[in-house]
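Printed here is final.txt (compact mmCIF, C-alpha atoms):
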# COMPACT_ATOMS: atom_id res chain seq x y z
CA MET A 25 11.62 -3.50 -21.90
CA PRO A 26 12.43 -0.04 -20.57
CA SER A 27 11.10 2.96 -22.38
CA VAL A 28 12.46 6.49 -22.09
CA GLN A 29 9.73 8.96 -22.88
CA ASN A 30 11.57 12.29 -22.72
CA ASP A 31 14.96 13.82 -21.94
CA LYS A 32 14.44 14.31 -18.21
CA GLU A 33 16.22 12.30 -15.54
CA PRO A 34 14.58 8.90 -15.34
CA ILE A 35 12.38 7.44 -12.66
CA VAL A 36 12.88 3.71 -12.27
CA VAL A 37 9.84 1.60 -11.39
CA VAL A 38 10.36 -2.01 -10.30
CA ASP A 39 7.41 -4.38 -9.97
CA ASP A 40 6.67 -7.84 -11.35
CA ASP A 41 3.02 -6.92 -11.92
CA GLN A 42 2.57 -5.45 -15.40
CA GLY A 43 -0.63 -3.75 -14.20
CA ILE A 44 1.36 -1.77 -11.63
CA LEU A 45 3.96 -0.80 -14.23
CA ASP A 46 1.14 0.32 -16.54
CA SER A 47 -0.39 2.33 -13.68
CA PHE A 48 2.89 4.19 -13.15
CA ASP A 49 3.00 4.93 -16.87
CA VAL A 50 -0.49 6.44 -16.64
CA MET A 51 0.36 8.40 -13.46
CA LEU A 52 3.81 9.69 -14.45
CA GLY A 53 4.54 8.80 -18.08
CA ASP A 54 3.42 12.09 -19.58
CA ASP A 55 5.65 14.19 -17.34
CA TYR A 56 8.69 12.01 -16.62
CA SER A 57 11.01 9.51 -18.27
CA LEU A 58 10.16 6.07 -16.92
CA LEU A 59 12.37 3.00 -16.95
CA THR A 60 10.80 -0.23 -15.77
CA ALA A 61 12.03 -3.58 -14.53
CA ASP A 62 10.11 -6.67 -13.51
CA ASN A 63 12.86 -8.39 -11.50
CA GLY A 64 15.68 -7.59 -9.10
CA ASN A 65 18.57 -8.27 -11.46
CA ARG A 66 17.21 -5.95 -14.16
CA ALA A 67 16.47 -3.35 -11.48
CA ILE A 68 20.09 -3.37 -10.28
CA ASP A 69 21.34 -3.07 -13.86
CA LEU A 70 19.04 -0.10 -14.56
CA ILE A 71 19.98 1.64 -11.34
CA LEU A 72 23.72 1.21 -11.94
CA GLU A 73 23.36 2.38 -15.57
CA THR A 74 21.24 5.46 -14.89
CA VAL A 75 21.63 6.37 -11.17
CA PRO A 76 18.07 7.69 -11.16
CA PRO A 77 17.02 10.39 -8.70
CA LEU A 78 13.91 8.35 -7.82
CA LEU A 79 13.11 4.64 -7.59
CA PHE A 80 9.73 3.06 -6.88
CA LEU A 81 10.53 -0.47 -5.67
CA ASP A 82 8.28 -3.42 -4.87
CA ILE A 83 9.54 -5.85 -2.24
CA LYS A 84 8.17 -9.08 -3.69
CA ILE A 85 9.94 -9.42 -7.05
CA PRO A 86 11.84 -12.30 -8.70
CA GLY A 87 15.60 -12.51 -8.40
CA PRO A 88 17.01 -10.44 -5.62
CA ASN A 89 13.90 -9.20 -3.82
CA GLY A 90 13.28 -5.51 -3.24
CA LEU A 91 15.02 -5.44 0.12
CA GLU A 92 18.08 -7.10 -1.40
CA VAL A 93 18.05 -4.57 -4.26
CA LEU A 94 17.78 -1.78 -1.71
CA GLN A 95 20.67 -3.21 0.29
CA LYS A 96 22.88 -3.44 -2.83
CA ILE A 97 22.26 0.11 -4.00
CA LYS A 98 22.73 1.58 -0.53
CA ALA A 99 25.95 -0.43 -0.03
CA ARG A 100 27.29 1.19 -3.22
CA GLY A 101 26.39 4.66 -1.98
CA ILE A 102 23.95 5.36 -4.80
CA PRO A 103 22.04 8.52 -3.82
CA THR A 104 18.71 7.47 -5.35
CA LYS A 105 15.64 8.25 -3.24
CA VAL A 106 13.77 4.96 -2.83
CA VAL A 107 10.04 4.64 -2.35
CA VAL A 108 9.02 1.12 -1.40
CA VAL A 109 5.60 0.14 -2.76
CA THR A 110 4.24 -3.12 -1.43
CA ALA A 111 1.14 -5.14 -0.70
CA LEU A 112 2.97 -7.02 2.05
CA PRO A 113 1.59 -6.10 5.46
CA GLN A 114 4.49 -7.33 7.60
CA ASP A 115 6.02 -4.67 9.82
CA GLN A 116 9.37 -6.47 9.65
CA PHE A 117 9.78 -5.48 5.98
CA GLU A 118 9.03 -1.85 6.74
CA GLU A 119 11.48 -1.79 9.64
CA GLN A 120 14.21 -3.34 7.49
CA ALA A 121 13.52 -0.96 4.58
CA ARG A 122 13.69 2.02 6.92
CA ARG A 123 17.07 0.80 8.22
CA TYR A 124 18.29 1.02 4.62
CA GLY A 125 17.14 4.63 4.50
CA VAL A 126 14.07 4.51 2.26
CA TYR A 127 12.54 7.86 1.43
CA ARG A 128 8.94 6.60 1.76
CA TYR A 129 7.18 3.29 2.37
CA LEU A 130 3.79 2.98 0.68
CA HIS A 131 1.17 0.24 0.78
CA LYS A 132 -0.78 -0.87 -2.27
CA PRO A 133 -3.24 0.11 -3.58
CA LEU A 134 -1.37 3.27 -4.46
CA ASP A 135 -2.73 6.81 -4.24
CA VAL A 136 -2.23 8.61 -7.56
CA TYR A 137 -1.88 12.02 -5.93
CA GLU A 138 0.68 10.74 -3.43
CA ILE A 139 2.80 9.20 -6.22
CA GLU A 140 2.62 12.40 -8.28
CA GLU A 141 3.52 14.54 -5.25
CA ILE A 142 6.53 12.37 -4.41
CA ALA A 143 7.79 12.59 -8.00
CA ARG A 144 7.31 16.38 -8.08
CA HIS A 145 9.04 16.85 -4.72
CA VAL A 146 12.06 14.67 -5.51
CA LEU A 147 12.61 15.89 -9.08
CA GLN A 148 12.26 19.63 -8.52
As structure tokens:
Amino acid sequence: MPSVQNDKEPIVVVDDDQGILDSFDVMLGDDYSLLTADNGNRAIDLILETVPPLLFLDIKIPGPNGLEVLQKIKARGIPTKVVVVTALPQDQFEEQARRYGVYRYLHKPLDVYEIEEIARHVLQ
């Protein structure tokens, strides 16, 4: 269930691991409005509803996977900056994500300072 924590533009975080979603809440929840989704269909709905300035997107999620979500939002011309966060090591995923114009491509485990810096940079 998404939770909006203040009146700022939302950041959408998509991951099927509740621990990762909780980590984003700890990293960014005090300073930004976070909306979360644990599958591709919910992610697409949230993105279309809110057109967030920033999206943190896992590749391996149920429903449309992260690359399919990325493809759908880019095909619609949604200007959201997308940061892929993944534990998958395959270069093919990174190459495909970059073709869709991702802003950043990060490997798990995530660096708290890097996540905070990305959010600050995109939302200022």
Need the shell around segment 38-46 of chain A: protein/DNA/RNA residues with any atom at most 9 Å away, counting only C-alpha atoms. Skip same-chain ones fewer than 5 positions apart. Format as a PyMOL selection string?
chain A and resi 51+59-64+66-67+79-86+90+109
Atom pair atom CA of Leu134 of chain A / atom CA of Lys96 of chain A: separation (Å)
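Between atom CA of Leu134 of chain A and atom CA of Lys96 of chain A the gap works out to 25.2 Å.
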Determine the nearest neighbour of Asn89 of chain A from the options A:Asp54, A:Pro133, A:Glu119, A:Thr110, counting only C-alpha atoms.
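Closest candidate: A:Thr110.
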Mind giving me the straight-line distance from atom CA of Val108 of chain A to atom CA of His131 of chain A in Å, one decimal?
8.2 Å
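Minimum atom-to-atom distance to Glu118 of chain A, evaluated using all atoms listed in the file, belongs to A:Leu91 out of A:Leu52, A:Gly101, A:Ile142, A:Leu91.
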One-decimal distance in Å that lies between atom CA of Lys98 of chain A and atom CA of Gln116 of chain A:
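According to the coordinates, atom CA of Gln116 of chain A and atom CA of Lys98 of chain A are separated by 18.6 Å.
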Shell around Pro76 of chain A at 7 Å using all atoms listed in the file, local window under 6 positions removed, as a PyMOL selection string:
chain A and resi 33-36+104
Nearest to Val75 of chain A among A:Leu94, A:Ile102, A:Val50, A:Val146, with distances taken over all atoms listed in the file: which residue is it?
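Result for the nearest residue to Val75 of chain A: A:Ile102.
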Compare A:Glu138, A:Val106, A:Tyr127, A:Arg122 by their minimum atom-to-atom distance to Ile71 of chain A, counting only C-alpha atoms, and give me the closest one.
A:Val106
I'd like to know which of A:Asn65, A:Pro103, A:Val136, A:Tyr129 is closest to Asp115 of chain A, using only C-alpha atoms.
A:Tyr129
Excluding same-chain residues fewer than 2 positions from Asp55 of chain A, what lies within 10 Å of it counting only C-alpha atoms, as a VMD selection string?
chain A and resid 29 to 30 32 49 to 53 57 to 58 140 143 to 144
Mind writing the picked residues with C-alpha atoms as a PDB file, in the frame of the given file?
ATOM      1  CA  GLN A  29       9.730   8.960 -22.880  1.00  0.00           C
ATOM      2  CA  ASN A  30      11.570  12.290 -22.720  1.00  0.00           C
ATOM      3  CA  LYS A  32      14.440  14.310 -18.210  1.00  0.00           C
ATOM      4  CA  ASP A  49       3.000   4.930 -16.870  1.00  0.00           C
ATOM      5  CA  VAL A  50      -0.490   6.440 -16.640  1.00  0.00           C
ATOM      6  CA  MET A  51       0.360   8.400 -13.460  1.00  0.00           C
ATOM      7  CA  LEU A  52       3.810   9.690 -14.450  1.00  0.00           C
ATOM      8  CA  GLY A  53       4.540   8.800 -18.080  1.00  0.00           C
ATOM      9  CA  SER A  57      11.010   9.510 -18.270  1.00  0.00           C
ATOM     10  CA  LEU A  58      10.160   6.070 -16.920  1.00  0.00           C
ATOM     11  CA  GLU A 140       2.620  12.400  -8.280  1.00  0.00           C
ATOM     12  CA  ALA A 143       7.790  12.590  -8.000  1.00  0.00           C
ATOM     13  CA  ARG A 144       7.310  16.380  -8.080  1.00  0.00           C
TER      14      ARG A 144
END
